[in-house]
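upload.pdb follows (PDB, C-alpha atoms):
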```
ATOM      1  CA  MET A   1      47.797 -68.008 -15.166
ATOM      2  CA  ASP A   2      49.193 -67.410 -11.691
ATOM      3  CA  VAL A   3      49.092 -64.493  -9.247
ATOM      4  CA  ALA A   4      52.411 -63.050 -10.467
ATOM      5  CA  ASP A   5      51.138 -62.954 -14.075
ATOM      6  CA  VAL A   6      47.977 -61.132 -12.983
ATOM      7  CA  ILE A   7      49.978 -58.578 -10.989
ATOM      8  CA  ARG A   8      52.386 -58.026 -13.919
ATOM      9  CA  ARG A   9      49.493 -57.488 -16.353
ATOM     10  CA  PHE A  10      47.676 -55.124 -14.034
ATOM     11  CA  SER A  11      50.843 -53.122 -13.284
ATOM     12  CA  LYS A  12      51.231 -52.375 -17.009
ATOM     13  CA  THR A  13      47.841 -50.617 -17.123
ATOM     14  CA  PRO A  14      47.406 -46.922 -16.213
ATOM     15  CA  LEU A  15      46.979 -46.819 -12.419
ATOM     16  CA  LYS A  16      45.066 -44.169 -10.496
ATOM     17  CA  HIS A  17      47.783 -43.693  -7.838
ATOM     18  CA  ARG A  18      51.184 -43.208  -9.469
ATOM     19  CA  MET A  19      53.021 -45.091  -6.669
ATOM     20  CA  SER A  20      50.864 -48.230  -7.003
ATOM     21  CA  LYS A  21      53.317 -49.521  -9.629
ATOM     22  CA  TYR A  22      56.131 -49.268  -7.045
ATOM     23  CA  LEU A  23      54.054 -51.356  -4.621
ATOM     24  CA  LEU A  24      53.247 -53.974  -7.273
ATOM     25  CA  GLU A  25      56.941 -54.246  -8.197
ATOM     26  CA  TYR A  26      57.770 -54.783  -4.521
ATOM     27  CA  VAL A  27      55.156 -57.563  -4.299
ATOM     28  CA  LEU A  28      56.563 -59.267  -7.415
ATOM     29  CA  GLU A  29      60.097 -59.225  -5.939
ATOM     30  CA  ASN A  30      58.998 -60.539  -2.526
ATOM     31  CA  GLN A  31      58.324 -64.264  -3.108
ATOM     32  CA  GLN A  32      57.177 -64.847   0.460
ATOM     33  CA  LEU A  33      54.489 -62.136   0.218
ATOM     34  CA  LEU A  34      53.585 -63.141  -3.338
ATOM     35  CA  SER A  35      52.828 -66.697  -2.184
ATOM     36  CA  LYS A  36      50.322 -65.363   0.360
ATOM     37  CA  ILE A  37      48.282 -63.227  -2.057
ATOM     38  CA  ARG A  38      44.801 -64.298  -3.130
ATOM     39  CA  ILE A  39      43.138 -62.358  -5.955
ATOM     40  CA  VAL A  40      39.456 -61.581  -5.286
ATOM     41  CA  ASN A  41      36.679 -59.576  -6.919
ATOM     42  CA  THR A  42      35.448 -58.087  -3.633
ATOM     43  CA  ARG A  43      37.092 -57.379  -0.298
ATOM     44  CA  ALA A  44      33.825 -57.447   1.665
ATOM     45  CA  TYR A  45      34.173 -59.324   4.972
ATOM     46  CA  LEU A  46      37.854 -60.141   4.378
ATOM     47  CA  PRO A  47      40.222 -59.300   7.257
ATOM     48  CA  ASP A  48      43.461 -58.358   5.461
ATOM     49  CA  SER A  49      42.942 -56.809   2.051
ATOM     50  CA  MET A  50      44.346 -54.412  -0.493
ATOM     51  CA  MET A  51      42.652 -52.601  -3.380
ATOM     52  CA  ILE A  52      44.408 -50.962  -6.321
ATOM     53  CA  ALA A  53      42.448 -49.047  -8.961
ATOM     54  CA  GLN A  54      43.138 -48.204 -12.573
ATOM     55  CA  ALA A  55      43.009 -44.600 -13.724
ATOM     56  CA  GLY A  56      39.407 -43.614 -14.395
ATOM     57  CA  VAL A  57      37.838 -45.695 -11.610
ATOM     58  CA  GLU A  58      35.632 -43.808  -9.174
ATOM     59  CA  GLY A  59      36.523 -43.984  -5.499
ATOM     60  CA  PRO A  60      39.869 -44.283  -3.759
ATOM     61  CA  PRO A  61      42.947 -45.149  -5.847
ATOM     62  CA  PHE A  62      44.523 -47.409  -3.232
ATOM     63  CA  GLU A  63      43.666 -48.964   0.137
ATOM     64  CA  LEU A  64      45.384 -51.411   2.452
ATOM     65  CA  GLU A  65      43.260 -52.677   5.348
ATOM     66  CA  LEU A  66      44.715 -55.042   7.925
ATOM     67  CA  GLY A  67      42.733 -56.497  10.800
ATOM     68  CA  ALA A  68      39.413 -55.408   9.307
ATOM     69  CA  VAL A  69      36.215 -56.651  10.925
ATOM     70  CA  GLU A  70      32.948 -55.954   9.147
ATOM     71  CA  ARG A  71      29.596 -56.744  10.720
ATOM     72  CA  ASN A  72      25.927 -55.875  10.446
ATOM     73  CA  GLU A  73      24.322 -54.242  13.462
ATOM     74  CA  VAL A  74      20.640 -53.688  14.163
ATOM     75  CA  SER A  75      19.646 -50.779  16.385
ATOM     76  CA  MET A  76      16.483 -48.952  17.352
ATOM     77  CA  VAL A  77      16.157 -45.407  15.936
ATOM     78  CA  ASN A  78      12.928 -43.460  16.525
ATOM     79  CA  GLY A  79      11.048 -46.670  17.276
ATOM     80  CA  ARG A  80      12.208 -48.396  14.076
ATOM     81  CA  LEU A  81      14.781 -51.110  13.576
ATOM     82  CA  VAL A  82      17.704 -49.861  11.493
ATOM     83  CA  LYS A  83      20.312 -52.178  10.009
ATOM     84  CA  GLN A  84      23.795 -50.679   9.613
ATOM     85  CA  LYS A  85      27.092 -52.081   8.413
ATOM     86  CA  ARG A  86      29.995 -51.339  10.800
ATOM     87  CA  LYS A  87      33.639 -51.790   9.977
ATOM     88  CA  SER A  88      36.681 -51.510  12.192
ATOM     89  CA  ARG A  89      40.293 -52.048  11.209
ATOM     90  CA  ALA A  90      43.697 -52.122  12.871
ATOM     91  CA  ILE A  91      45.535 -50.513   9.930
ATOM     92  CA  TRP A  92      44.067 -48.447   7.090
ATOM     93  CA  ILE A  93      46.516 -46.942   4.606
ATOM     94  CA  HIS A  94      45.894 -44.933   1.416
ATOM     95  CA  ASP A  95      49.538 -44.491   0.360
ATOM     96  CA  PRO A  96      51.259 -47.373  -1.526
ATOM     97  CA  VAL A  97      54.718 -46.315  -0.263
ATOM     98  CA  GLN A  98      53.547 -46.572   3.357
ATOM     99  CA  ALA A  99      51.902 -49.881   2.488
ATOM    100  CA  VAL A 100      55.251 -51.326   1.352
ATOM    101  CA  GLU A 101      56.703 -50.599   4.796
ATOM    102  CA  VAL A 102      53.760 -52.280   6.526
ATOM    103  CA  LEU A 103      53.818 -55.282   4.157
ATOM    104  CA  ARG A 104      57.505 -55.916   4.943
ATOM    105  CA  LYS A 105      56.338 -57.208   8.354
ATOM    106  CA  PHE A 106      53.060 -58.768   7.204
ATOM    107  CA  ALA A 107      52.809 -62.557   7.588
ATOM    108  CA  GLY A 108      49.172 -63.509   6.856
ATOM    109  CA  ILE A 109      47.088 -64.083   3.735
ATOM    110  CA  LEU A 110      46.493 -60.850   1.792
ATOM    111  CA  TYR A 111      43.349 -60.600  -0.346
ATOM    112  CA  VAL A 112      43.912 -58.283  -3.305
ATOM    113  CA  GLU A 113      41.253 -56.658  -5.463
ATOM    114  CA  PHE A 114      42.114 -54.876  -8.702
ATOM    115  CA  ARG A 115      39.497 -52.399  -9.951
ATOM    116  CA  PHE A 116      39.244 -51.811 -13.673
ATOM    117  CA  ALA A 117      38.074 -48.633 -15.433
ATOM    118  CA  GLY A 118      36.297 -50.611 -18.139
ATOM    119  CA  GLU A 119      35.109 -54.169 -18.376
ATOM    120  CA  THR A 120      36.901 -56.716 -16.185
ATOM    121  CA  PRO A 121      39.282 -58.742 -18.416
ATOM    122  CA  ASP A 122      38.916 -62.508 -18.809
ATOM    123  CA  TRP A 123      42.370 -63.200 -17.329
ATOM    124  CA  TYR A 124      41.274 -61.497 -14.088
ATOM    125  CA  ARG A 125      37.956 -63.358 -13.978
ATOM    126  CA  GLN A 126      39.876 -66.612 -14.500
ATOM    127  CA  ILE A 127      42.195 -66.124 -11.493
ATOM    128  CA  VAL A 128      39.237 -65.108  -9.300
ATOM    129  CA  ALA A 129      37.365 -68.268 -10.375
ATOM    130  CA  GLU A 130      40.429 -70.402  -9.560
ATOM    131  CA  PHE A 131      40.558 -68.871  -6.067
ATOM    132  CA  LYS A 132      36.833 -69.546  -5.541
ATOM    133  CA  ALA A 133      37.337 -73.169  -6.655
ATOM    134  CA  GLU A 134      40.274 -73.483  -4.228
ATOM    135  CA  CYS A 135      38.097 -72.127  -1.388
ATOM    136  CA  ALA A 136      35.287 -74.543  -2.266
ATOM    137  CA  MET A 137      37.750 -77.466  -2.241
ATOM    138  CA  GLU A 138      39.117 -76.370   1.153
ATOM    139  CA  SER A 139      35.536 -76.184   2.424
ATOM    140  CA  GLU A 140      34.824 -79.727   1.207
ATOM    141  CA  ILE A 141      37.998 -81.032   2.854
ATOM    142  CA  THR A 142      37.056 -79.293   6.107
ATOM    143  CA  GLN A 143      33.590 -80.880   5.940
ATOM    144  CA  LEU A 144      35.088 -84.343   5.313
ATOM    145  CA  ILE A 145      37.436 -83.988   8.279
ATOM    146  CA  ARG A 146      34.574 -82.796  10.499
ATOM    147  CA  GLU A 147      32.443 -85.812   9.473
ATOM    148  CA  GLN A 148      35.316 -88.211  10.087
ATOM    149  CA  VAL A 149      36.012 -86.749  13.535
ATOM    150  CA  GLU A 150      32.312 -87.136  14.407
ATOM    151  CA  LEU A 151      32.425 -90.770  13.257
ATOM    152  CA  LEU A 152      35.568 -91.369  15.289
ATOM    153  CA  LEU A 153      34.000 -89.885  18.409
ATOM    154  CA  SER A 154      30.830 -91.932  17.860
ATOM    155  CA  GLY A 155      32.975 -95.044  17.535
ATOM    156  CA  ILE A 156      34.778 -94.289  20.809
ATOM    157  CA  ILE A 157      31.465 -93.756  22.616
ATOM    158  CA  LEU A 158      30.001 -96.938  21.149
ATOM    159  CA  LYS A 159      33.108 -98.896  22.185
ATOM    160  CA  SER A 160      32.594 -97.643  25.735
ATOM    161  CA  GLU A 161      28.916 -98.647  25.624
ATOM    162  CA  ILE A 162      29.885-102.106  24.312
ATOM    163  CA  ASP A 163      32.318-102.552  27.210
ATOM    164  CA  LEU A 164      29.598-101.475  29.667
ATOM    165  CA  ALA A 165      27.097-103.933  28.136
ATOM    166  CA  LEU A 166      29.682-106.724  28.497
ATOM    167  CA  ARG A 167      30.300-105.882  32.165
ATOM    168  CA  LYS A 168      26.548-105.856  32.851
ATOM    169  CA  GLY A 169      25.986-109.027  30.834
ATOM    170  CA  ASP A 170      23.288-107.317  28.690
ATOM    171  CA  GLU A 171      23.409-109.384  25.486
ATOM    172  CA  LYS A 172      20.625-107.464  23.696
ATOM    173  CA  LEU A 173      22.305-104.072  24.274
ATOM    174  CA  PHE A 174      25.666-105.603  23.343
ATOM    175  CA  GLN A 175      24.356-106.893  19.973
ATOM    176  CA  ALA A 176      22.737-103.529  19.113
ATOM    177  CA  LYS A 177      25.853-101.534  19.975
ATOM    178  CA  VAL A 178      28.182-103.929  18.124
ATOM    179  CA  GLN A 179      26.039-103.564  14.979
ATOM    180  CA  GLN A 180      26.206 -99.756  15.204
ATOM    181  CA  TYR A 181      29.950 -99.937  15.914
ATOM    182  CA  LYS A 182      30.557-102.049  12.767
ATOM    183  CA  GLN A 183      28.623 -99.549  10.620
ATOM    184  CA  ILE A 184      30.693 -96.664  12.016
ATOM    185  CA  CYS A 185      33.946 -98.577  11.412
ATOM    186  CA  GLU A 186      32.975 -99.184   7.771
ATOM    187  CA  ARG A 187      32.368 -95.453   7.148
ATOM    188  CA  CYS A 188      35.342 -94.120   9.094
ATOM    189  CA  LEU A 189      38.647 -93.604   7.292
ATOM    190  CA  TRP A 190      40.615 -94.072  10.511
ATOM    191  CA  GLU A 191      40.988 -97.310  12.403
ATOM    192  CA  PHE A 192      40.166 -97.360  16.101
TER     193      PHE A 192
END
```

As structure tokens, what does this structure read like?
Amino acid sequence: MDVADVIRRFSKTPLKHRMSKYLLEYVLENQQLLSKIRIVNTRAYLPDSMMIAQAGVEGPPFELELGAVERNEVSMVNGRLVKQKRKSRAIWIHDPVQAVEVLRKFAGILYVEFRFAGETPDWYRQIVAEFKAECAMESEITQLIREQVELLLSGIILKSEIDLALRKGDEKLFQAKVQQYKQICERCLWEF
């Protein structure tokens, strides 16, 4: 199941804000925007997000937040430490029609949360799980690249130390650094 299928299914349910269907139809027609949507089960700490609720859900029927920054702050109140959550946002819209106008110019990744009146359906849980798996894979790739860059930098430094040992004629230092350099070269995916 892909994002378009999830949006189509959700748009066929009774929605709390009657113009949410108009917004969802716009998203389905706009392939560029559709490709940048990630379905999530919570918008907490996400910068650009949208929430659409089914009829019967408590709380707001629709929200679009762009440029949101959420952070925890600790302050002193009456001699006690108090932890508060603060949120600021560049754009905060509660009208789906206005949101369409804003989304026409939007170019980033948009995190979308659908809220259900009853139990969350399996098809929704499945797409959320796929997104989480995609994020975990991206995290692993980022970690691999970071490790490889560190190995590359270590190899460059060791090469410099080997050259210095050669200029000084320090055979013991040279042998130790060459051994370390070989180990780095074996683990590094790049050649240097």

So which residues get picked by the PyMOL selection byres ((chain A and resi 125) around 12) here, written as a list of chain:residue names? A:Met1, A:Val6, A:Ile39, A:Val40, A:Asn41, A:Thr42, A:Glu113, A:Phe114, A:Arg115, A:Phe116, A:Glu119, A:Thr120, A:Pro121, A:Asp122, A:Trp123, A:Tyr124, A:Gln126, A:Ile127, A:Val128, A:Ala129, A:Glu130, A:Phe131, A:Lys132

Residues of the last selection are to be written out with C-alpha atoms, as a PDB file, keeping the file's coordinate frame.
```pdb
ATOM      1  CA  MET A   1      47.797 -68.008 -15.166  1.00  0.00           C
ATOM      2  CA  VAL A   6      47.977 -61.132 -12.983  1.00  0.00           C
ATOM      3  CA  ILE A  39      43.138 -62.358  -5.955  1.00  0.00           C
ATOM      4  CA  VAL A  40      39.456 -61.581  -5.286  1.00  0.00           C
ATOM      5  CA  ASN A  41      36.679 -59.576  -6.919  1.00  0.00           C
ATOM      6  CA  THR A  42      35.448 -58.087  -3.633  1.00  0.00           C
ATOM      7  CA  GLU A 113      41.253 -56.658  -5.463  1.00  0.00           C
ATOM      8  CA  PHE A 114      42.114 -54.876  -8.702  1.00  0.00           C
ATOM      9  CA  ARG A 115      39.497 -52.399  -9.951  1.00  0.00           C
ATOM     10  CA  PHE A 116      39.244 -51.811 -13.673  1.00  0.00           C
ATOM     11  CA  GLU A 119      35.109 -54.169 -18.376  1.00  0.00           C
ATOM     12  CA  THR A 120      36.901 -56.716 -16.185  1.00  0.00           C
ATOM     13  CA  PRO A 121      39.282 -58.742 -18.416  1.00  0.00           C
ATOM     14  CA  ASP A 122      38.916 -62.508 -18.809  1.00  0.00           C
ATOM     15  CA  TRP A 123      42.370 -63.200 -17.329  1.00  0.00           C
ATOM     16  CA  TYR A 124      41.274 -61.497 -14.088  1.00  0.00           C
ATOM     17  CA  GLN A 126      39.876 -66.612 -14.500  1.00  0.00           C
ATOM     18  CA  ILE A 127      42.195 -66.124 -11.493  1.00  0.00           C
ATOM     19  CA  VAL A 128      39.237 -65.108  -9.300  1.00  0.00           C
ATOM     20  CA  ALA A 129      37.365 -68.268 -10.375  1.00  0.00           C
ATOM     21  CA  GLU A 130      40.429 -70.402  -9.560  1.00  0.00           C
ATOM     22  CA  PHE A 131      40.558 -68.871  -6.067  1.00  0.00           C
ATOM     23  CA  LYS A 132      36.833 -69.546  -5.541  1.00  0.00           C
TER      24      LYS A 132
END
```

Leaving out A:Gly155 and any residue of its chain fewer than 6 positions from it, which residues lie within 10 Å of it when counting all atoms listed in the file, given as a list in words? Val149, Glu161, Lys177, Gln180, Tyr181, Lys182, Gln183, Ile184, Cys185, Cys188, Glu191 and Phe192 of chain A

Output of the above residues as a PDB file, keeping the file's coordinate frame, restricted to C-alpha atoms:
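Full text of selection-v3.pdb as output:
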```
ATOM      1  CA  VAL A 149      36.012 -86.749  13.535  1.00  0.00           C
ATOM      2  CA  GLU A 161      28.916 -98.647  25.624  1.00  0.00           C
ATOM      3  CA  LYS A 177      25.853-101.534  19.975  1.00  0.00           C
ATOM      4  CA  GLN A 180      26.206 -99.756  15.204  1.00  0.00           C
ATOM      5  CA  TYR A 181      29.950 -99.937  15.914  1.00  0.00           C
ATOM      6  CA  LYS A 182      30.557-102.049  12.767  1.00  0.00           C
ATOM      7  CA  GLN A 183      28.623 -99.549  10.620  1.00  0.00           C
ATOM      8  CA  ILE A 184      30.693 -96.664  12.016  1.00  0.00           C
ATOM      9  CA  CYS A 185      33.946 -98.577  11.412  1.00  0.00           C
ATOM     10  CA  CYS A 188      35.342 -94.120   9.094  1.00  0.00           C
ATOM     11  CA  GLU A 191      40.988 -97.310  12.403  1.00  0.00           C
ATOM     12  CA  PHE A 192      40.166 -97.360  16.101  1.00  0.00           C
TER      13      PHE A 192
END
```

Just give me the gap between atom CA of A:Gly108 and atom CA of A:Trp92 in Å, one decimal is fine. 15.9 Å

Surrounding residues of A:Met51 excluding itself and chain neighbours under 2 positions, 7 Å, all atoms listed in the file, as number ranges by chain: A: 49, 53, 62-64, 112-114

May I have the selected residues written with C-alpha atoms, as a PDB file, keeping the file's coordinate frame?
```pdb
ATOM      1  CA  SER A  49      42.942 -56.809   2.051  1.00  0.00           C
ATOM      2  CA  ALA A  53      42.448 -49.047  -8.961  1.00  0.00           C
ATOM      3  CA  PHE A  62      44.523 -47.409  -3.232  1.00  0.00           C
ATOM      4  CA  GLU A  63      43.666 -48.964   0.137  1.00  0.00           C
ATOM      5  CA  LEU A  64      45.384 -51.411   2.452  1.00  0.00           C
ATOM      6  CA  VAL A 112      43.912 -58.283  -3.305  1.00  0.00           C
ATOM      7  CA  GLU A 113      41.253 -56.658  -5.463  1.00  0.00           C
ATOM      8  CA  PHE A 114      42.114 -54.876  -8.702  1.00  0.00           C
TER       9      PHE A 114
END
```

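Atom CA of A:Phe10 lies 24.8 Å from atom CA of A:Ala68.
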
Pick out the residues sitting within 12 Å of A:Ala55, and hand them over as a ChimeraX atom specification; count all atoms listed in the file, and ignore anything fewer than 4 positions along from it in its own chain. /A:10-18,20,59-62,114-118

What is the atom CA of A:Arg167-atom CA of A:Gln179 distance in Å, reported with one decimal? 17.9 Å

Quick one: residues within 12 Å of A:Phe106, only C-alpha atoms, excluding same-chain residues fewer than 5 positions away - as a list in words? Val27, Asn30, Gln32, Leu33, Leu34, Lys36, Ile37, Asp48, Ser49, Leu64, Glu65, Leu66, Gly67, Ile91, Ala99, Val100 and Glu101 of chain A

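The shortest atom-to-atom distance to A:Val97, with all atoms listed in the file taken into account, belongs to A:Leu23 out of A:Leu23, A:Val77, A:Ala165, A:Ala176.
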